[in-house]
Amino acid sequence: MKVDVLLGLQWGDEGKGKVVDVLTPRYDIVARFQGGPNAGHTLEFEGKKYVLRSIPSGIFQSGQINVIGNGVVLDPVLFAEEAKALEASGNKLTDVLKISKKAHLIMPTHRLLDAANEKAKGKGKIGTTGKGIGPTYTDKISRNGLRVGDILSDDFNAKYSAAKERHLEQLHALGADPDTEALAENERKWMDALDYMRTFELIDSEHFINKVLNAGKSVLCEGAQGTMLDVDFGSYPFVTSSNTVCAGACTGLGVAPRKIGEVFGIFKAYCTRVGSGPFPTELFDETGKTIRDLGHEYGAVTGRERRCGWIDLVALRYAIMVNGVTQLIMMKSDVLDGFDEIKACTAYDIDGTVTRDFPYTIDDEKVKPVYVSLPGWKTDMTKMKSEAEFPQKFVDYIKFLEQELETPITIVSIGPDRKQTIERTH
Ligand code: GDP
Ligand code: IMO
Ligand code: MG
């Protein structure tokens, strides 16, 4: 009986998809527990690149069942596009992908509400992915949502119409004037996509997962977004609308807390953020631009430029604490392979007081990062096969991080490909 959780410790895009794919052969089930098509999880192997949004990243290995859990919000149109593209490239999905009946549906009007909410916020906008995530979770919490299981019931169309009418009133109140023809077209596509979704096994995923656990099988839970985007612990209000932390795996799949084993916390050797909101270690200079260029830091979903900066150990320590991380996975250190100097923020100076504890707010104006400077290793590590090949300065960098974070770094990723992954044995 084993449930491990892999989740992001920063502002998303840490490389979760790549590592879930690498770890999948060790598990029987891979399950997404929150978020929706705001996620973009990139996998590269055998010269091909795939971006997954709603489908778990265990889908390319063979033999595992992939589950979209109750904590996820699903856009049928985007789901169908993603699934059909995978099927077209030779992956048979219906046998290996199951969807929770309790997952909530993103409606076309949720996307309109997402856009209208952002517009109403003006300069204070969140910079959402525009996928309707916030409005869908809002409906869930206010007990107005439509769930995947509803598409099997006779009164689904009536439920849909009532929800749509409510959304149209909300849009009206926000001063939005939806294009009725475009909406009708989107609704038609949405209903067609539901027909496609009905060809999948729609399950009571909490029963499914607990039964397989009782049968001695193992589950890997795949997080989306990152801890700094968590609705409770992230840089509120510049966050997403779900619990991205480890506890989200319990509520998003129906797994009891005592069944959680390893918690893999994944982070980049630097830091990025997309959308608005505070980012204390953000770099606005050439170094930031270099990281963006070398790391190809552009959104997998929206193509937006990712903001880049140095690693923030204050935020990472906090993320490790709230998630109970047992093992760290460091990604994209290869991006820093050519750097003379690498900086790490070890504390914040807030109005003259230095703290190592993550504060209530990280309002950029007040929070000044305190940096430690480390020498770069100046070695191309992208073709290395084992930790025995690591240059000494890189080993020292890892040791420094492990001391600061009081958690072992057990996997190091040195490139986007599945094979560019090195396990450390210590
Ligand atoms: P996710 O949302 O956490 O799955 O991450 P994304 O897929 O959005 O962003 C990670 C990006 O970095 C993708 O383009 C990956 O292909 C790429 N990537 C992952 N690991 C590495 C690595 O170790 N080195 C480099 N250079 N790129 C990586
Ligand atoms: P993965 O899983 C990076 C950000 C958006 C925005 C905020 C709220 O690929 O790491 P939302 O659409 O969720 O309401 O947007 O959250 N955001 C992400 N940033 N990676 C993601 O997912 C993200 N999902 C949402 O940019 O700032
Ligand atoms: Mg991503």
# chains A, B, ... in the order shown; residues from 1 in each chain; ligands from 1
$ closest_atom_pairs --of "chain A" --to "ligand 3" --cutoff "10 Å" --atoms "only C-alpha atoms and all ligand atoms" --output "tab-separated table"
residue	atom	partner	partner_atom_place_in_ligand_line	distance
A:Gly8	CA	ligand 3	1 (Mg)	9.9
A:Trp11	CA	ligand 3	1 (Mg)	9.5
A:Gly12	CA	ligand 3	1 (Mg)	6.0
A:Asp13	CA	ligand 3	1 (Mg)	3.8
A:Glu14	CA	ligand 3	1 (Mg)	7.1
A:Gly15	CA	ligand 3	1 (Mg)	7.0
A:Lys16	CA	ligand 3	1 (Mg)	7.7
A:Gly17	CA	ligand 3	1 (Mg)	7.8
A:Pro37	CA	ligand 3	1 (Mg)	10.0
A:Asn38	CA	ligand 3	1 (Mg)	8.2
A:Ala39	CA	ligand 3	1 (Mg)	5.3
A:Gly40	CA	ligand 3	1 (Mg)	3.9
A:His41	CA	ligand 3	1 (Mg)	4.7
A:Thr42	CA	ligand 3	1 (Mg)	6.8
A:Val51	CA	ligand 3	1 (Mg)	8.5
A:Leu52	CA	ligand 3	1 (Mg)	8.8
A:Arg53	CA	ligand 3	1 (Mg)	8.4
A:Ala224	CA	ligand 3	1 (Mg)	7.8
A:Gln225	CA	ligand 3	1 (Mg)	7.0
A:Gly226	CA	ligand 3	1 (Mg)	9.5
A:Val274	CA	ligand 3	1 (Mg)	9.8
A:Tyr298	CA	ligand 3	1 (Mg)	9.5
A:Gly299	CA	ligand 3	1 (Mg)	6.8
A:Ala300	CA	ligand 3	1 (Mg)	5.7
A:Val301	CA	ligand 3	1 (Mg)	7.3
A:Thr302	CA	ligand 3	1 (Mg)	9.8
$ write_last_selection --atoms "N, CA and C atoms" --output "short mmCIF file (atom, residue, chain, number, x, y, z; two decimals), in the first residue's frame"
data_model
loop_
_atom_site.label_atom_id
_atom_site.label_comp_id
_atom_site.auth_asym_id
_atom_site.auth_seq_id
_atom_site.Cartn_x
_atom_site.Cartn_y
_atom_site.Cartn_z
N GLY A 8 5.19 20.45 -7.42
CA GLY A 8 6.07 21.60 -7.67
C GLY A 8 6.23 22.43 -6.41
N TRP A 11 6.74 28.30 -8.60
CA TRP A 11 5.52 28.85 -9.23
C TRP A 11 5.12 28.04 -10.46
N GLY A 12 5.29 26.74 -10.42
CA GLY A 12 4.91 25.89 -11.55
C GLY A 12 6.02 25.75 -12.56
N ASP A 13 5.79 24.85 -13.53
CA ASP A 13 6.73 24.62 -14.64
C ASP A 13 8.10 24.15 -14.18
N GLU A 14 8.14 23.46 -13.07
CA GLU A 14 9.42 22.98 -12.54
C GLU A 14 9.96 21.81 -13.36
N GLY A 15 9.06 21.11 -14.08
CA GLY A 15 9.47 19.92 -14.83
C GLY A 15 8.78 18.67 -14.31
N LYS A 16 7.60 18.88 -13.74
CA LYS A 16 6.86 17.76 -13.12
C LYS A 16 6.57 16.64 -14.14
N GLY A 17 6.11 17.07 -15.34
CA GLY A 17 5.74 16.08 -16.36
C GLY A 17 6.90 15.16 -16.69
N PRO A 37 -6.58 22.32 -17.33
CA PRO A 37 -5.76 22.62 -18.51
C PRO A 37 -4.96 23.92 -18.38
N ASN A 38 -4.94 24.51 -17.19
CA ASN A 38 -3.96 25.58 -16.93
C ASN A 38 -2.55 24.98 -16.89
N ALA A 39 -2.47 23.68 -16.59
CA ALA A 39 -1.18 23.00 -16.56
C ALA A 39 -0.69 22.74 -17.97
N GLY A 40 0.62 22.70 -18.11
CA GLY A 40 1.25 22.27 -19.36
C GLY A 40 2.47 21.48 -18.95
N HIS A 41 2.39 20.18 -19.08
CA HIS A 41 3.47 19.30 -18.61
C HIS A 41 4.19 18.71 -19.83
N THR A 42 5.47 19.05 -19.96
CA THR A 42 6.21 18.67 -21.16
C THR A 42 7.04 17.41 -20.94
N VAL A 51 3.10 17.86 -24.95
CA VAL A 51 2.66 18.70 -23.83
C VAL A 51 1.30 18.19 -23.36
N LEU A 52 1.24 17.79 -22.11
CA LEU A 52 -0.02 17.29 -21.53
C LEU A 52 -0.64 18.36 -20.65
N ARG A 53 -1.96 18.45 -20.71
CA ARG A 53 -2.65 19.47 -19.91
C ARG A 53 -3.55 18.86 -18.85
N ALA A 224 -0.09 19.60 -10.17
CA ALA A 224 0.00 20.63 -11.21
C ALA A 224 0.27 21.96 -10.51
N GLN A 225 0.69 22.97 -11.28
CA GLN A 225 1.10 24.26 -10.72
C GLN A 225 2.22 24.04 -9.69
N GLY A 226 2.28 24.90 -8.68
CA GLY A 226 3.35 24.75 -7.69
C GLY A 226 2.89 25.32 -6.36
N VAL A 274 5.12 32.81 -14.19
CA VAL A 274 4.39 33.37 -15.34
C VAL A 274 3.10 33.98 -14.82
N TYR A 298 9.42 29.84 -21.82
CA TYR A 298 8.18 30.36 -22.41
C TYR A 298 7.09 29.35 -22.09
N GLY A 299 5.89 29.84 -21.72
CA GLY A 299 4.83 28.96 -21.23
C GLY A 299 4.48 27.84 -22.20
N ALA A 300 4.32 26.63 -21.66
CA ALA A 300 3.96 25.48 -22.50
C ALA A 300 2.52 25.60 -23.00
N VAL A 301 1.66 26.34 -22.27
CA VAL A 301 0.25 26.46 -22.65
C VAL A 301 0.00 27.77 -23.39
N THR A 302 0.49 28.86 -22.83
CA THR A 302 0.13 30.17 -23.38
C THR A 302 1.25 30.77 -24.24
#
$ residues_around --residues "Ile55 of chain A" --least-positions-apart "5" --cutoff "8 Å" --atoms "only C-alpha atoms" --output "list in words"
Arg32, Asn66, Ile68, Phe79, Glu82 and Ala83 of chain A
$ closest_residue --among "A:Ala162, A:Met384, A:Ala315, A:Leu220" --to "Leu405 of chain A" --atoms "only C-alpha atoms"
A:Ala315
$ residues_around --residues "Thr180 of chain A" --least-positions-apart "3" --cutoff "12 Å" --atoms "only C-alpha atoms" --output "PyMOL selection string"
chain A and resi 108-109+112+168+176-177+183-187
$ select_by_dssp --residues "segment 21-165 of chain A" --states "alpha helix (DSSP H)" --output "number ranges by chain"
A: 21-23, 76-88, 108-121, 133-141, 156-165
$ atom_distance --atom1 "atom CA of Gly71 of chain A" --atom2 "atom CA of Ser276 of chain A"
24.6 Å
$ residues_around --residues "Ile260 of chain A" --least-positions-apart "5" --cutoff "12 Å" --atoms "only C-alpha atoms" --output "PyMOL selection string"
chain A and resi 1-6+213+218-221+246-250+253-255+323-326
$ residues_around --residues "segment 283-295 of chain A" --least-positions-apart "5" --cutoff "12 Å" --atoms "only C-alpha atoms" --output "ChimeraX atom specification"
/A:13-15,268-274,304-311,331-343,369,414-416
$ closest_residue --among "A:Val77, A:Ile329, A:Leu146, A:Val367" --to "ligand 1" --atoms "only C-alpha atoms and all ligand atoms"
A:Ile329
